[in-house]
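Participant: Just one file: target-v6.txt, with compact mmCIF, C-alpha atoms and all ligand atoms.
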# COMPACT_ATOMS: atom_id res chain seq x y z
CA MET V 285 104.50 94.14 74.99
CA TRP V 286 102.21 94.42 78.05
CA ILE V 287 102.31 92.11 81.04
CA ASP V 288 99.25 91.22 83.07
CA THR V 289 100.83 90.95 86.52
CA HIS V 290 97.66 89.75 88.22
CA ASN V 291 94.75 87.72 86.95
CA HIS V 292 92.71 84.58 87.50
CA PHE V 293 92.73 83.19 84.00
CA ASP V 294 92.52 79.65 85.39
CA ALA V 295 89.00 80.47 86.70
CA PRO V 296 86.15 78.30 85.35
CA ASP V 297 84.80 81.43 83.58
CA PHE V 298 87.40 80.78 80.88
CA ASP V 299 87.09 76.98 80.65
CA LEU V 300 85.24 76.96 77.34
CA ASN V 301 87.68 78.95 75.25
CA ARG V 302 90.78 79.65 77.36
CA GLN V 303 93.29 78.81 74.65
CA LYS V 304 91.55 81.01 72.10
CA LYS V 305 91.15 83.92 74.52
CA TRP V 306 94.86 83.81 75.37
CA GLN V 307 95.77 83.77 71.68
CA GLN V 308 93.52 86.81 71.17
CA ALA V 309 95.09 88.65 74.10
CA GLN V 310 98.59 87.86 72.81
CA ALA V 311 97.66 89.04 69.32
CA LEU V 312 96.54 92.35 70.86
CA GLY V 313 99.88 92.83 72.62
CA VAL V 314 99.71 90.98 75.95
CA SER V 315 103.11 89.29 76.12
CA ALA V 316 102.80 87.46 79.41
CA GLN V 317 100.40 86.92 82.29
CA CYS V 318 100.65 85.95 85.94
CA LEU V 319 97.98 83.70 87.48
CA MET V 320 97.32 84.21 91.17
CA GLY V 321 96.52 81.56 93.76
CA VAL V 322 93.16 81.89 95.52
CA ARG V 323 91.85 78.64 97.02
CA LEU V 324 93.91 75.78 98.39
CA GLY V 325 91.93 73.24 96.37
CA ASP V 326 92.50 75.09 93.08
CA LEU V 327 96.30 75.38 93.14
CA SER V 328 96.93 72.30 91.00
CA ARG V 329 94.41 73.51 88.38
CA GLN V 330 96.22 76.83 88.31
CA VAL V 331 99.61 75.19 87.72
CA ARG V 332 98.11 73.00 84.99
CA VAL V 333 96.68 76.03 83.16
CA ALA V 334 100.01 77.89 83.45
CA ASP V 335 101.79 74.84 82.06
CA GLU V 336 99.40 74.56 79.12
CA LEU V 337 99.64 78.17 77.96
CA PRO V 338 102.73 79.92 76.60
CA ASP V 339 104.13 82.91 78.53
CA THR V 340 101.86 82.17 81.48
CA TYR V 341 103.37 82.32 84.97
CA PHE V 342 101.91 81.52 88.39
CA ALA V 343 102.14 82.61 92.01
CA LEU V 344 100.96 80.29 94.76
CA GLY V 345 99.03 81.51 97.76
CA LEU V 346 95.77 81.72 99.66
CA HIS V 347 93.51 84.74 99.15
CA PRO V 348 92.37 86.31 102.45
CA LEU V 349 88.69 85.94 101.59
CA PHE V 350 89.06 82.20 100.96
CA VAL V 351 90.75 81.05 104.16
CA GLY V 352 87.57 81.08 106.27
CA GLU V 353 87.07 77.32 106.22
CA LEU V 354 90.74 76.38 106.47
CA VAL V 355 92.76 75.22 109.48
CA LEU V 356 95.94 77.29 109.59
CA ASP V 357 98.64 74.72 110.26
CA ALA V 358 97.23 72.06 107.92
CA ALA V 359 96.62 74.54 105.07
CA ILE V 360 100.05 76.16 105.37
CA ALA V 361 101.66 72.69 105.41
CA VAL V 362 99.94 71.85 102.09
CA LEU V 363 100.87 75.24 100.62
CA THR V 364 104.50 74.86 101.73
CA HIS V 365 104.66 71.42 100.18
CA THR V 366 103.21 72.78 96.93
CA ILE V 367 105.68 75.69 96.88
CA GLU V 368 108.62 73.36 97.47
CA ARG V 369 107.45 71.16 94.65
CA TYR V 370 107.46 74.05 92.18
CA LEU V 371 110.37 76.06 93.56
CA ASN V 372 112.47 75.33 90.48
CA HIS V 373 109.61 75.44 88.00
CA PRO V 374 110.48 78.08 85.36
CA LYS V 375 106.98 79.60 85.54
CA PHE V 376 106.73 79.87 89.33
CA ILE V 377 107.13 83.52 90.32
CA GLY V 378 106.18 84.06 93.96
CA ILE V 379 103.61 84.03 96.74
CA GLY V 380 100.12 85.41 96.06
CA GLU V 381 97.42 86.42 96.21
CA ILE V 382 97.86 87.05 99.91
CA GLY V 383 96.91 89.94 102.16
CA LEU V 384 94.07 91.44 104.14
CA ASP V 385 90.57 92.57 103.23
CA GLY V 386 88.86 94.96 105.66
CA ARG V 387 85.65 95.37 103.65
CA LYS V 388 82.55 94.76 105.70
CA ALA V 389 79.81 92.56 104.28
CA HIS V 390 76.11 93.02 105.00
CA GLY V 391 75.50 93.31 108.72
CA GLY V 392 78.79 95.17 109.24
CA LYS V 393 80.88 92.02 109.66
CA LEU V 394 83.99 90.90 107.80
CA SER V 395 83.34 87.76 105.77
CA VAL V 396 86.52 86.24 107.25
CA PRO V 397 87.50 87.52 110.73
CA LEU V 398 90.53 89.81 110.59
CA GLU V 399 92.38 87.72 113.14
CA LYS V 400 92.18 84.68 110.88
CA GLN V 401 93.19 86.68 107.80
CA CYS V 402 96.21 88.05 109.72
CA ALA V 403 97.33 84.58 110.79
CA PHE V 404 97.30 83.34 107.18
CA PHE V 405 98.93 86.51 105.89
CA LYS V 406 101.76 86.32 108.43
CA ALA V 407 102.40 82.64 107.71
CA GLN V 408 102.53 83.25 103.95
CA LEU V 409 104.78 86.30 104.31
CA ALA V 410 107.12 84.09 106.30
CA LEU V 411 107.17 81.62 103.39
CA ALA V 412 108.02 84.46 100.98
CA TYR V 413 110.82 85.54 103.29
CA ASP V 414 112.17 82.02 103.81
CA TYR V 415 112.23 81.20 100.09
CA ASP V 416 113.20 84.75 99.06
CA LEU V 417 110.19 85.20 96.79
CA PRO V 418 108.18 88.30 95.84
CA VAL V 419 104.62 88.69 97.16
CA PHE V 420 101.48 89.59 95.23
CA MET V 421 99.28 91.37 97.70
CA HIS V 422 95.60 91.94 98.17
CA SER V 423 95.26 95.00 100.37
CA VAL V 424 91.76 96.40 100.73
CA LYS V 425 90.93 98.84 103.52
CA ALA V 426 93.87 97.42 105.46
CA GLU V 427 96.91 99.12 103.89
CA ASP V 428 98.59 100.14 107.14
CA LYS V 429 98.28 96.69 108.63
CA VAL V 430 99.56 95.02 105.44
CA LEU V 431 102.60 97.29 105.48
CA GLN V 432 103.19 96.69 109.15
CA TYR V 433 103.31 92.92 108.61
CA CYS V 434 105.59 93.23 105.57
CA LYS V 435 108.01 95.37 107.57
CA ARG V 436 107.89 93.06 110.55
CA VAL V 437 108.58 89.94 108.49
CA GLY V 438 111.13 91.72 106.30
CA VAL V 439 109.48 91.19 102.90
CA ARG V 440 110.76 93.81 100.49
CA ARG V 441 109.74 92.75 96.98
CA GLY V 442 106.35 92.43 95.35
CA ILE V 443 103.21 94.10 94.06
CA ALA V 444 100.36 95.74 95.95
CA HIS V 445 97.58 94.66 93.61
CA ALA V 446 94.65 97.04 92.93
CA PHE V 447 96.16 99.61 95.22
CA GLY V 448 93.45 101.80 96.77
CA GLY V 449 95.19 103.60 99.61
CA SER V 450 96.34 107.18 100.14
CA GLU V 451 99.38 108.85 98.61
CA GLN V 452 101.21 108.56 101.91
CA GLN V 453 100.49 104.84 102.08
CA ALA V 454 101.51 104.45 98.43
CA ARG V 455 104.87 106.07 99.17
CA GLN V 456 105.38 103.75 102.13
CA PHE V 457 104.69 100.73 99.92
CA ILE V 458 107.20 102.04 97.38
CA THR V 459 109.83 102.63 100.09
CA GLN V 460 109.27 99.07 101.29
CA GLY V 461 110.20 97.88 97.77
CA PHE V 462 106.76 97.29 96.28
CA LYS V 463 105.21 98.20 92.96
CA LEU V 464 101.59 99.30 92.72
CA GLY V 465 99.32 97.22 90.47
CA VAL V 466 96.95 99.32 88.39
CA GLY V 467 93.94 98.02 86.48
CA GLY V 468 90.24 98.54 85.80
CA ALA V 469 89.53 100.68 88.87
CA MET V 470 91.41 103.73 87.52
CA THR V 471 89.27 103.79 84.33
CA TYR V 472 86.16 105.07 86.19
CA PRO V 473 85.61 108.84 85.97
CA ARG V 474 84.89 108.93 89.72
CA ALA V 475 88.32 107.43 90.53
CA LYS V 476 89.86 110.90 90.85
CA LYS V 477 92.06 110.07 93.85
CA TYR V 478 93.46 107.06 92.06
CA GLN V 479 94.12 109.06 88.89
CA ARG V 480 95.95 111.72 90.91
CA LEU V 481 98.24 109.02 92.30
CA ILE V 482 99.04 107.93 88.76
CA GLN V 483 99.94 111.51 87.87
CA THR V 484 102.10 112.24 90.90
CA LEU V 485 103.96 109.09 91.95
CA PRO V 486 107.17 108.10 90.15
CA LEU V 487 106.49 106.12 86.98
CA SER V 488 108.87 103.47 88.30
CA ALA V 489 106.21 102.59 90.90
CA PHE V 490 103.63 101.05 88.58
CA VAL V 491 102.81 97.74 86.96
CA LEU V 492 99.63 96.80 85.09
CA GLU V 493 97.01 94.14 85.68
CA THR V 494 93.49 93.06 84.75
CA ASP V 495 92.48 90.81 87.68
CA ALA V 496 90.29 89.08 85.06
CA PRO V 497 87.55 87.91 85.41
CA ASP V 498 87.18 90.51 88.22
CA MET V 499 87.52 94.30 88.32
CA PRO V 500 86.12 95.13 84.86
CA PRO V 501 87.13 98.50 83.43
CA VAL V 502 84.42 101.13 82.89
CA TRP V 503 83.81 100.13 79.26
CA ILE V 504 82.71 96.58 80.15
CA LYS V 505 79.05 97.05 80.96
CA ASP V 506 78.16 93.43 81.31
CA GLY V 507 80.07 90.21 81.80
CA ALA V 508 83.55 89.20 82.91
CA ASN V 509 86.74 91.19 82.58
CA GLN V 510 89.17 89.80 80.00
CA VAL V 511 92.96 89.63 79.78
CA SER V 512 92.66 91.14 76.29
CA GLU V 513 91.54 94.42 77.93
CA LEU V 514 95.09 95.03 79.18
CA PRO V 515 96.27 97.10 76.16
CA ARG V 516 93.30 99.43 76.58
CA ILE V 517 93.96 99.64 80.33
CA ALA V 518 97.58 100.52 79.48
CA ALA V 519 96.41 103.19 77.02
CA THR V 520 94.13 104.68 79.70
CA PHE V 521 97.03 104.72 82.16
CA ALA V 522 99.23 106.44 79.57
CA GLU V 523 96.56 109.06 78.92
CA ILE V 524 96.08 109.80 82.64
CA ARG V 525 99.86 110.04 83.07
CA GLY V 526 100.31 112.20 79.98
CA VAL V 527 102.68 109.89 78.10
CA THR V 528 102.24 107.80 74.97
CA PRO V 529 101.71 104.03 75.24
CA ASN V 530 105.01 103.54 73.38
CA GLU V 531 106.85 105.58 76.00
CA LEU V 532 105.21 103.49 78.69
CA VAL V 533 106.16 100.05 77.34
CA PRO V 534 109.86 99.90 78.37
CA VAL V 535 109.24 101.52 81.76
CA ILE V 536 106.42 99.18 82.73
CA TRP V 537 108.45 96.27 81.40
CA GLN V 538 111.39 97.20 83.59
CA ASN V 539 109.15 97.75 86.63
CA THR V 540 107.60 94.32 86.16
CA GLY V 541 110.98 92.69 85.61
CA ALA V 542 112.17 94.08 88.94
CA VAL V 543 109.52 91.92 90.65
CA VAL V 544 109.44 88.98 88.23
CA PRO V 545 112.95 88.31 86.88
CA ALA V 546 111.65 85.47 84.67
CA ILE V 547 109.69 88.07 82.70
CA ALA V 548 112.60 90.50 82.59
CA ALA V 549 114.45 87.80 80.67
CA LEU V 550 111.91 88.07 77.83
CA ASN V 551 112.60 90.81 75.32
CA CYS V 552 109.88 93.48 75.32
CA ILE V 553 110.93 95.01 72.03
CA LYS V 554 111.07 91.72 70.19
CA ILE V 555 107.69 90.69 71.55
CA SER V 556 106.08 94.04 70.72
CA MET V 557 106.96 93.81 67.04
ZN ZN C 1 93.01 88.85 92.28
Would you put the structure from the file into C-alpha cells?

Facilitator:
Amino acid sequence: MWIDTHNHFDAPDFDLNRQKKWQQAQALGVSAQCLMGVRLGDLSRQVRVADELPDTYFALGLHPLFVGELVLDAAIAVLTHTIERYLNHPKFIGIGEIGLDGRKAHGGKLSVPLEKQCAFFKAQLALAYDYDLPVFMHSVKAEDKVLQYCKRVGVRRGIAHAFGGSEQQARQFITQGFKLGVGGAMTYPRAKKYQRLIQTLPLSAFVLETDAPDMPPVWIKDGANQVSELPRIAATFAEIRGVTPNELVPVIWQNTGAVVPAIAALNCIKISM
C-alpha cells in the first residue's frame, strides 16, 4: 500500500538478508520500491537485484557525488548504452539519481567540483528528455540551479528526492511538474520548516521514500535505515499533515503513479488488503 520511490536496496549493506528484508517490508505494507542508480560500476548489480525481487523497479543514473573520477563522454556513453538496453524492461522507470550537491566538505570545498556535477547533470537530463523519461533528483543546497537546468532542458516529470528547499522553491518544482520526495528528514523535531511545507503545500505534491540505507528517521538511533520503515514514515507524514494514513494511501498512490506509470498499473487497494 506504500511505495518507496527512492532507495538503495541493492547496496552491499543488505547483501546478507536482502530477500528476507524485502519480504518483511512487504508484509508491513510496502507494495513496491524503486532502486536508484549511484555509481557507473554498480548499475548491473542494481538491475540484477531489481530482477530478483518482486515489485522492485529501477532508475538508471549517476549520483552527483560519485562522478568525480569519471570522464564525461565515456561515462555518458556507457550510461546511454545501458539505458537503451533496458528501455523496454518492465521494471525500468527513469533516470536517477541525478542532480547537484552544493554541500561543502571539510576545508570548505565541494567533494566534486560544481562544474563537473553540472556537466553530468545536464547530460543526464538530456537523456531523460530524449527518451521521455522521468527524473529522480538529488538536489542539496542547489535547488535554484537544479530547476534552472530542468527548465532549460525541458524536463517536466520526476521527483525531487529529499527536498530541502524553501516554500517558493518547492512551488517552482511543483509548477515544473515534479513531486517532492519525503522521508526520514521530516521525522526530526527540529525539522520545523520541512514540516510546515508538508502542512501547506497541496497534498498532490508529495511522494514517500526511505533512501535506505541512508537518511534514517529519528527513531533509528544506530545502524542503517530500512525499507520496512516506510509505513512509519507514512504515518508520521499523515500526522504532520493532519490526515489518517488510510486517507493518505490513495492520494500518495496516485501521486506516485503520475511519475511512475508502471506502479500506477498496480492496484493499491488490492495490495493493501
Ligand atoms: Zn539516494

Participant: What's the separation between atom CA of V:Pro348 and atom CA of V:Val331, in Å to one decimal place?

Facilitator: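 Taking atom CA of V:Pro348 as the start and atom CA of V:Val331 as the end point, the length is 19.8 Å.
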
Participant: Which protein, DNA or RNA residues have an atom within 7 Å of ligand ZN 1 (chain C), counting only C-alpha atoms and all ligand atoms, as an mmCIF file with C-alpha atoms, in the frame of the given file?

Facilitator:
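Saved file selection23.cif follows:
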data_model
loop_
_atom_site.group_PDB
_atom_site.id
_atom_site.type_symbol
_atom_site.label_atom_id
_atom_site.label_comp_id
_atom_site.auth_asym_id
_atom_site.auth_seq_id
_atom_site.Cartn_x
_atom_site.Cartn_y
_atom_site.Cartn_z
ATOM 1 C CA HIS V 290 97.660 89.750 88.220
ATOM 2 C CA ASN V 291 94.750 87.720 86.950
ATOM 3 C CA HIS V 292 92.710 84.580 87.500
ATOM 4 C CA MET V 320 97.320 84.210 91.170
ATOM 5 C CA GLU V 381 97.420 86.420 96.210
ATOM 6 C CA ASP V 495 92.480 90.810 87.680
#

Participant: Could you name the residues that touch V:Gln308 at 10 Å or less, counting all atoms listed in the file, but leaving out those on the same chain fewer than 6 positions away, as an MDAnalysis selection string?

Facilitator: chainID V and resid 302 314 511:512

Participant: Kindly save the residues from that selection, with C-alpha atoms included, as a PDB file, in the frame of the given file.

Facilitator:
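The new file again_36.pdb reads:
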ATOM      1  CA  ARG V 302      90.780  79.650  77.360  1.00  0.00           C
ATOM      2  CA  VAL V 314      99.710  90.980  75.950  1.00  0.00           C
ATOM      3  CA  VAL V 511      92.960  89.630  79.780  1.00  0.00           C
ATOM      4  CA  SER V 512      92.660  91.140  76.290  1.00  0.00           C
TER       5      SER V 512
END

Participant: From the list V:Asn539, V:Thr471, V:Thr520, V:Thr366, which residue is nearest V:Ala489 when using only C-alpha atoms?

Facilitator: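 Ranking V:Asn539, V:Thr471, V:Thr520, V:Thr366 by distance to V:Ala489, first place goes to V:Asn539.
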
Participant: Write out as a short mmCIF file (atom, residue, chain, number, x, y, z; two decimals) with C-alpha atoms, keeping the file's coordinate frame the residues lying within 10 Å of V:Leu431, counting all atoms listed in the file and excluding same-chain residues fewer than 3 positions away.

Facilitator:
data_model
loop_
_atom_site.label_atom_id
_atom_site.label_comp_id
_atom_site.auth_asym_id
_atom_site.auth_seq_id
_atom_site.Cartn_x
_atom_site.Cartn_y
_atom_site.Cartn_z
CA GLY V 383 96.91 89.94 102.16
CA SER V 423 95.26 95.00 100.37
CA ALA V 426 93.87 97.42 105.46
CA GLU V 427 96.91 99.12 103.89
CA ASP V 428 98.59 100.14 107.14
CA CYS V 434 105.59 93.23 105.57
CA LYS V 435 108.01 95.37 107.57
CA ARG V 436 107.89 93.06 110.55
CA VAL V 437 108.58 89.94 108.49
CA VAL V 439 109.48 91.19 102.90
CA ALA V 444 100.36 95.74 95.95
CA GLN V 453 100.49 104.84 102.08
CA GLN V 456 105.38 103.75 102.13
CA PHE V 457 104.69 100.73 99.92
CA GLN V 460 109.27 99.07 101.29
#

Participant: Closest to V:Gly438 among V:Ile458, V:Val333, V:Leu409, V:Met421, using all atoms listed in the file?

Facilitator: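 Once distances to V:Gly438 are computed over all atoms listed in the file, the minimum belongs to V:Leu409.
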
Participant: Using only C-alpha atoms, determine which residues lie at most 12 Å from V:Arg329, disregarding the query and same-chain residues fewer than 3 positions distant; provide the list as number ranges by chain.

Facilitator: V: 292-296, 299, 319-326, 332-336, 342, 344

Participant: Would you pick out the contacts of V:Leu464 at 10 Å or less, using all atoms listed in the file, so that residues sharing its chain but fewer than 6 positions from it are not included, and give the list as a JSON list (two decimals) with C-alpha atoms, keeping the file's coordinate frame?

Facilitator:
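Final output, result_15.json:
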[["chain", "number", "residue", "atom", "x", "y", "z"],
["V", 421, "MET", "CA", 99.28, 91.37, 97.70],
["V", 442, "GLY", "CA", 106.35, 92.43, 95.35],
["V", 443, "ILE", "CA", 103.21, 94.10, 94.06],
["V", 444, "ALA", "CA", 100.36, 95.74, 95.95],
["V", 445, "HIS", "CA", 97.58, 94.66, 93.61],
["V", 446, "ALA", "CA", 94.65, 97.04, 92.93],
["V", 447, "PHE", "CA", 96.16, 99.61, 95.22],
["V", 448, "GLY", "CA", 93.45, 101.80, 96.77],
["V", 454, "ALA", "CA", 101.51, 104.45, 98.43],
["V", 455, "ARG", "CA", 104.87, 106.07, 99.17],
["V", 457, "PHE", "CA", 104.69, 100.73, 99.92],
["V", 458, "ILE", "CA", 107.20, 102.04, 97.38],
["V", 482, "ILE", "CA", 99.04, 107.93, 88.76],
["V", 488, "SER", "CA", 108.87, 103.47, 88.30],
["V", 489, "ALA", "CA", 106.21, 102.59, 90.90],
["V", 490, "PHE", "CA", 103.63, 101.05, 88.58],
["V", 491, "VAL", "CA", 102.81, 97.74, 86.96],
["V", 492, "LEU", "CA", 99.63, 96.80, 85.09],
["V", 493, "GLU", "CA", 97.01, 94.14, 85.68],
["V", 539, "ASN", "CA", 109.15, 97.75, 86.63]]
